[in-house]
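Here the structure is laid out as structure tokens; the discussion comes afterwards.
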Amino acid sequence: MSSLRSSCTLIQSLYSNYQVWRLVTCFLFFGAIGFNFLFNMIFTYRYCRMLEEGSFRGRTADFFFMFLFGGLLMVILSLFVNLVFLGQAFTIMLVYVWSRRNPYIRMNFFGLMNFQAPYLPWVLLAFSLLLGNSVIVDLLGIAIGHIYYFLEDVFPEQPGGFKLLKTPAFLKWMLDAPAEDPNYNPLPEERPGGFNWGEGQEVGDADQPNEEQQ
């Protein structure tokens, strides 16, 4: 009942009081400082970094669009499951996407068990259950992560499939580095080592004209 009241308070804050920042701040709360808080912060940093440096390398706009898509869908679905704070669910979403894109990596969980990367979200769900947390949070993150993975990686590769998630052009213009022109010839000062100081003829070239004159 209290969760339902919290969801109604969130909706009222958005539509009546115009507190639109709640759409962002709901992802920034990970609970009271403790083991669960540190656990989520470490996992958020670790898998966000590995995604950015791995499958999203050089694709900052696509990485940001995944945040927008996952966050928006998570906010909408959270209204039906009476969730207000979505930081942990967002972390599980990042973990799920990374794990599906790295299916052959072997994982070790606190030295207790070894498994393939795709099982990591489910191991975290079981661990969260042991800590007494609600599994709805983890299930929401897994569901959103699977929706993104399916629309981005699976469906376009199916017969007759096509890309449904397209990053807006203005995000690419704002966040992605401009593509390099393969025909561009850099200026001397832009080349590695700077100017070609002391560049001259090979030994023996200077004597060749004299020999021809003789």
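We label chains A, B, ... in the order they appear in the structure tokens, count residues from 1 in each chain, and number ligands from 1 in the order shown.
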Within 7 Å of range 169-179 of chain A: each range 48-122 of chain A residue with its shortest pair, only C-alpha atoms, as JSON lines:
{"residue": "A:Arg59", "atom": "CA", "partner": "A:Asp176", "partner_atom": "CA", "distance": 6.4}
{"residue": "A:Thr60", "atom": "CA", "partner": "A:Asp176", "partner_atom": "CA", "distance": 5.7}
{"residue": "A:Ala61", "atom": "CA", "partner": "A:Lys172", "partner_atom": "CA", "distance": 5.1}
Near range 103-105 of chain A, within 6 Å and counting only C-alpha atoms, which residues show up once chain neighbours fewer than 2 positions away are dropped, as a PyMOL selection string?
chain A and resi 100-101+116-118
In Å, how far is it from CA of Thr44 in chain A to CA of Trp98 in chain A?
11.5 Å
Using only C-alpha atoms, pick whichever of A:Phe109, A:Phe39, A:Phe90, A:Tyr45 has the shortest atom-to-atom distance to Leu72 in chain A.
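The answer is A:Phe90, which sits nearest to Leu72 in chain A.
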Select from range 41-106 of chain A every residue with an atom at most 10 Å from any atom of range 143-157 of chain A, then for each give the shortest pair of atoms and their distance in Å to one decimal, using only C-alpha atoms, rows by chain and rising number, as a tab-separated table.
residue	atom	partner	partner_atom	distance
A:Met66	CA	A:Tyr148	CA	7.6
A:Phe69	CA	A:Tyr148	CA	8.0
A:Gly70	CA	A:Ile144	CA	6.2
A:Gly71	CA	A:Ile144	CA	8.8
A:Leu73	CA	A:Ile144	CA	7.2
A:Met74	CA	A:Ile144	CA	6.7
A:Leu77	CA	A:Ile144	CA	9.2
A:Ala89	CA	A:Ile144	CA	8.8
A:Phe90	CA	A:Ile144	CA	8.6
A:Thr91	CA	A:Gly145	CA	9.8
A:Ile92	CA	A:Gly145	CA	7.7
A:Met93	CA	A:Gly145	CA	4.4
A:Leu94	CA	A:Gly145	CA	6.9
A:Val95	CA	A:Gly145	CA	8.2
A:Tyr96	CA	A:Gly145	CA	5.6
A:Val97	CA	A:Gly145	CA	5.6
A:Trp98	CA	A:Gly145	CA	9.3
A:Arg100	CA	A:Tyr149	CA	7.7
A:Arg101	CA	A:Tyr149	CA	8.5
Saved selection, atoms kept: all heavy atoms, as a short mmCIF file (atom, residue, chain, number, x, y, z; two decimals), in the first residue's frame:
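Written output follows (result.cif):
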data_model
loop_
_atom_site.label_atom_id
_atom_site.label_comp_id
_atom_site.auth_asym_id
_atom_site.auth_seq_id
_atom_site.Cartn_x
_atom_site.Cartn_y
_atom_site.Cartn_z
N MET A 66 21.01 4.31 -25.29
CA MET A 66 20.62 3.14 -24.50
C MET A 66 20.16 3.58 -23.11
O MET A 66 19.18 3.05 -22.56
CB MET A 66 21.79 2.17 -24.38
CG MET A 66 21.45 0.92 -23.58
SD MET A 66 22.87 -0.12 -23.14
CE MET A 66 23.70 0.94 -21.96
N PHE A 69 16.61 5.15 -23.60
CA PHE A 69 15.60 4.14 -23.89
C PHE A 69 15.31 3.29 -22.65
O PHE A 69 14.15 3.10 -22.26
CB PHE A 69 16.07 3.25 -25.04
CG PHE A 69 15.15 2.08 -25.31
CD1 PHE A 69 14.00 2.25 -26.06
CD2 PHE A 69 15.46 0.81 -24.82
CE1 PHE A 69 13.15 1.18 -26.31
CE2 PHE A 69 14.62 -0.26 -25.06
CZ PHE A 69 13.46 -0.07 -25.80
N GLY A 70 16.37 2.78 -22.01
CA GLY A 70 16.18 1.95 -20.84
C GLY A 70 15.57 2.71 -19.68
O GLY A 70 14.69 2.20 -18.99
N GLY A 71 16.01 3.95 -19.47
CA GLY A 71 15.47 4.74 -18.37
C GLY A 71 14.01 5.08 -18.56
O GLY A 71 13.22 4.98 -17.61
N LEU A 73 11.74 3.52 -20.47
CA LEU A 73 10.92 2.30 -20.37
C LEU A 73 10.82 1.82 -18.92
O LEU A 73 9.77 1.34 -18.48
CB LEU A 73 11.51 1.21 -21.26
CG LEU A 73 10.65 -0.03 -21.53
CD1 LEU A 73 9.31 0.36 -22.14
CD2 LEU A 73 11.38 -1.00 -22.43
N MET A 74 11.90 1.99 -18.18
CA MET A 74 11.91 1.58 -16.78
C MET A 74 10.96 2.43 -15.94
O MET A 74 10.26 1.92 -15.06
CB MET A 74 13.34 1.66 -16.24
CG MET A 74 13.59 0.83 -15.00
SD MET A 74 15.35 0.78 -14.59
CE MET A 74 15.99 -0.19 -15.96
N LEU A 77 7.32 1.27 -16.75
CA LEU A 77 6.97 -0.03 -16.17
C LEU A 77 6.95 0.02 -14.65
O LEU A 77 6.22 -0.74 -14.00
CB LEU A 77 7.94 -1.10 -16.65
CG LEU A 77 7.87 -1.45 -18.15
CD1 LEU A 77 8.84 -2.56 -18.48
CD2 LEU A 77 6.45 -1.84 -18.55
N ALA A 89 17.82 -1.37 -10.38
CA ALA A 89 17.28 -1.96 -11.61
C ALA A 89 18.09 -1.51 -12.82
O ALA A 89 18.34 -2.29 -13.74
CB ALA A 89 15.81 -1.58 -11.78
N PHE A 90 18.52 -0.24 -12.83
CA PHE A 90 19.32 0.26 -13.94
C PHE A 90 20.68 -0.44 -13.99
O PHE A 90 21.20 -0.74 -15.07
CB PHE A 90 19.49 1.77 -13.81
CG PHE A 90 20.02 2.43 -15.04
CD1 PHE A 90 19.16 2.76 -16.08
CD2 PHE A 90 21.36 2.72 -15.17
CE1 PHE A 90 19.64 3.37 -17.24
CE2 PHE A 90 21.85 3.32 -16.31
CZ PHE A 90 21.00 3.65 -17.35
N THR A 91 21.25 -0.71 -12.82
CA THR A 91 22.52 -1.43 -12.76
C THR A 91 22.38 -2.83 -13.35
O THR A 91 23.23 -3.28 -14.14
CB THR A 91 23.01 -1.53 -11.31
OG1 THR A 91 23.22 -0.21 -10.79
CG2 THR A 91 24.31 -2.30 -11.22
N ILE A 92 21.30 -3.52 -12.99
CA ILE A 92 21.07 -4.86 -13.52
C ILE A 92 20.87 -4.82 -15.04
O ILE A 92 21.29 -5.73 -15.75
CB ILE A 92 19.86 -5.51 -12.83
CG1 ILE A 92 20.14 -5.71 -11.34
CG2 ILE A 92 19.52 -6.84 -13.47
CD1 ILE A 92 21.29 -6.65 -11.04
N MET A 93 20.26 -3.76 -15.54
CA MET A 93 20.10 -3.62 -16.99
C MET A 93 21.45 -3.55 -17.68
O MET A 93 21.69 -4.20 -18.71
CB MET A 93 19.28 -2.37 -17.32
CG MET A 93 19.02 -2.19 -18.80
SD MET A 93 18.47 -0.52 -19.25
CE MET A 93 20.04 0.37 -19.17
N LEU A 94 22.38 -2.76 -17.14
CA LEU A 94 23.72 -2.66 -17.71
C LEU A 94 24.43 -4.00 -17.67
O LEU A 94 25.08 -4.41 -18.64
CB LEU A 94 24.53 -1.61 -16.95
CG LEU A 94 24.04 -0.16 -17.01
CD1 LEU A 94 24.91 0.73 -16.13
CD2 LEU A 94 24.04 0.36 -18.44
N VAL A 95 24.31 -4.70 -16.54
CA VAL A 95 24.94 -6.01 -16.39
C VAL A 95 24.38 -6.99 -17.41
O VAL A 95 25.11 -7.77 -18.03
CB VAL A 95 24.75 -6.54 -14.96
CG1 VAL A 95 25.23 -7.98 -14.85
CG2 VAL A 95 25.50 -5.66 -13.96
N TYR A 96 23.07 -6.96 -17.62
CA TYR A 96 22.43 -7.90 -18.55
C TYR A 96 22.93 -7.66 -19.99
O TYR A 96 23.27 -8.61 -20.69
CB TYR A 96 20.92 -7.75 -18.49
CG TYR A 96 20.19 -8.79 -19.32
CD1 TYR A 96 19.81 -10.00 -18.77
CD2 TYR A 96 19.90 -8.56 -20.67
CE1 TYR A 96 19.17 -10.96 -19.53
CE2 TYR A 96 19.26 -9.52 -21.44
CZ TYR A 96 18.89 -10.72 -20.87
OH TYR A 96 18.28 -11.67 -21.63
N VAL A 97 22.95 -6.41 -20.42
CA VAL A 97 23.39 -6.11 -21.78
C VAL A 97 24.84 -6.54 -21.98
O VAL A 97 25.18 -7.15 -23.00
CB VAL A 97 23.22 -4.61 -22.08
CG1 VAL A 97 23.82 -4.26 -23.45
CG2 VAL A 97 21.74 -4.22 -22.05
N TRP A 98 25.70 -6.23 -21.00
CA TRP A 98 27.10 -6.64 -21.12
C TRP A 98 27.23 -8.15 -21.17
O TRP A 98 28.00 -8.70 -21.97
CB TRP A 98 27.91 -6.09 -19.94
CG TRP A 98 29.33 -6.54 -19.98
CD1 TRP A 98 30.38 -5.95 -20.64
CD2 TRP A 98 29.87 -7.72 -19.36
NE1 TRP A 98 31.52 -6.68 -20.47
CE2 TRP A 98 31.25 -7.77 -19.68
CE3 TRP A 98 29.32 -8.72 -18.56
CZ2 TRP A 98 32.08 -8.78 -19.24
CZ3 TRP A 98 30.16 -9.74 -18.12
CH2 TRP A 98 31.51 -9.76 -18.45
N ARG A 100 25.16 -10.47 -22.16
CA ARG A 100 24.68 -11.07 -23.41
C ARG A 100 25.62 -10.79 -24.57
O ARG A 100 25.67 -11.56 -25.53
CB ARG A 100 23.27 -10.58 -23.73
CG ARG A 100 22.20 -11.02 -22.75
CD ARG A 100 22.18 -12.54 -22.55
NE ARG A 100 21.89 -13.25 -23.78
CZ ARG A 100 20.68 -13.66 -24.14
NH1 ARG A 100 19.66 -13.45 -23.33
NH2 ARG A 100 20.50 -14.30 -25.25
N ARG A 101 26.34 -9.69 -24.49
CA ARG A 101 27.29 -9.36 -25.56
C ARG A 101 28.66 -9.99 -25.34
O ARG A 101 29.53 -9.88 -26.20
CB ARG A 101 27.43 -7.84 -25.69
CG ARG A 101 26.19 -7.19 -26.28
CD ARG A 101 26.36 -5.71 -26.48
NE ARG A 101 25.24 -5.17 -27.25
CZ ARG A 101 25.12 -3.89 -27.57
NH1 ARG A 101 26.03 -3.01 -27.19
NH2 ARG A 101 24.07 -3.48 -28.28
#
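Closest approach to Ile42 in chain A among A:Phe30, A:Phe115, A:Phe64, A:Phe127: A:Phe30, based on only C-alpha atoms.
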Once DSSP has gone over the backbone, tell me which residues of range 92-140 of chain A are in helix (DSSP H, G or I), as a PyMOL selection string.
chain A and resi 92-101+117-130+135-140
